[in-house]
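Heads up, the thing below is written out as structure tokens.
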Amino acid sequence: MSHILIAEDEFRIASFLQKGLQANGFATTVADDGIQAAYLAHTGSFDLLILDLGLPGKHGIRVIEELRGQGVPLPIIVLTVIQDVQDKVKALEAGANDYVTKPFSLDELIARIRVQLRYQRSPQPVESMVLNVGELQIDLRQRTVCWKGKMVELSTREFTLLELLARHPGRTWTREDLLDNIWGYDYAPSSNIVDVYVGYLRKKLGQGVIKTVRGVGYSLEI
């Protein structure tokens, strides 16, 4: 039985989550402040953390930063209100795996939990943990990137974008596809966030690595 840590200070929501998850076969523990959530997440007793960002004692983003900074791989699904777009971005940049906006559907949350647990438990062959495309090498286990023999430091979103492109070199991805596959939340098709992150990667890897397909999107060309 998977054990879920719920970090939520609003009693009504915490109770709803606890009852709903237990009814679907999960064991649960509730932490009502960020300090307790960070402490419990470090124990190794849990399979996934559901984390409200607006926790007393320690903000949820700070909790994520501490866990990832200390190498804790616990999957994290963030709970946030729909207006807090910047908080979503900051949480994902800090190392959160996914997010759900309040108010949320319990069915959707459980589906996202199961996806994360399945991903964590799926055995992967050793050879699949390193992507080699031309002079680009991506270590999926260590989450490091080597380009032309030099290590390149990337943010979480930059790494995820580059990984997706590298898994399908030469394929043209529309901006909408990249939004759906990487950010996973409700950006308008007119959002320029994909273009911004492609720009970040070009600054670090060079202008010719990611090709713009005019009117369509982007592809990795090495």
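Simple scheme: letters A, B, ... for chains in structure tokens order, numbers from 1 for residues in each chain, numbers from 1 for ligands in the order shown.
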Can you list every residue of region 16-102 of chain A that has an atom at most 12 Å from region 151-164 of chain A, with its nearest atom pair and the distance in Å to one decimal, using only C-alpha atoms, ordered by chain then number, as CSV?
```
residue,atom,partner,partner_atom,distance
A:Glu65,CA,A:Thr156,CA,11.8
A:Arg68,CA,A:Thr156,CA,10.9
A:Lys88,CA,A:Arg157,CA,11.9
A:Val89,CA,A:Arg157,CA,9.0
A:Lys90,CA,A:Arg157,CA,10.2
A:Ala91,CA,A:Thr156,CA,10.1
A:Leu92,CA,A:Arg157,CA,7.3
A:Glu93,CA,A:Thr156,CA,5.3
A:Ala94,CA,A:Thr156,CA,7.2
A:Gly95,CA,A:Thr156,CA,6.5
A:Ala96,CA,A:Thr156,CA,9.2
A:Asn97,CA,A:Thr156,CA,9.9
A:Asp98,CA,A:Arg157,CA,11.9
```
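Proximity to Thr212 (chain A) at 10 Å, evaluated using only C-alpha atoms and with sequence-adjacent residues fewer than 5 positions away removed, yields Thr172, Trp173, Asp195, Val198, Gly217, Tyr218, Ser219, Leu220 and Glu221 of chain A.
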Residues flagged helix (DSSP H, G or I) by DSSP in region 8-191 of chain A, as a ChimeraX atom specification: /A:11-23,34-41,60-69,85-94,106-121,126-129,156-167,175-183
Exercise: Gln142 (chain A) partners within 10 Å, only C-alpha atoms, chain neighbours under 3 positions left out, as an MDAnalysis selection string: chainID A and resid 129:130 138:139 145
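With only C-alpha atoms as the basis for measurement, A:Val100 is the residue among A:Val100, A:Val209, A:Ala27, A:Val194 that approaches Leu79 (chain A) most closely.
Distance-wise, CA of Phe26 (chain A) and CA of Ile110 (chain A) end up 9.9 Å apart.
Using only C-alpha atoms, the smallest distance between any of A:Ile77, A:Leu205, A:Leu136, A:Ile35 and Arg167 (chain A) comes from A:Leu136.
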Counting only C-alpha atoms, the option among A:Ile222, A:Val78, A:Leu178, A:Ala7 closest to Gly206 (chain A): A:Ile222
Shortest interatomic distance to Asp177 (chain A) - which of A:His3, A:Trp147, A:Lys204, A:Val216, counting only C-alpha atoms: A:Val216
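Closest approach to Gln18 (chain A) among A:Ile64, A:Leu106, A:Leu165, A:Leu117 is made by A:Leu106 (distances from only C-alpha atoms).
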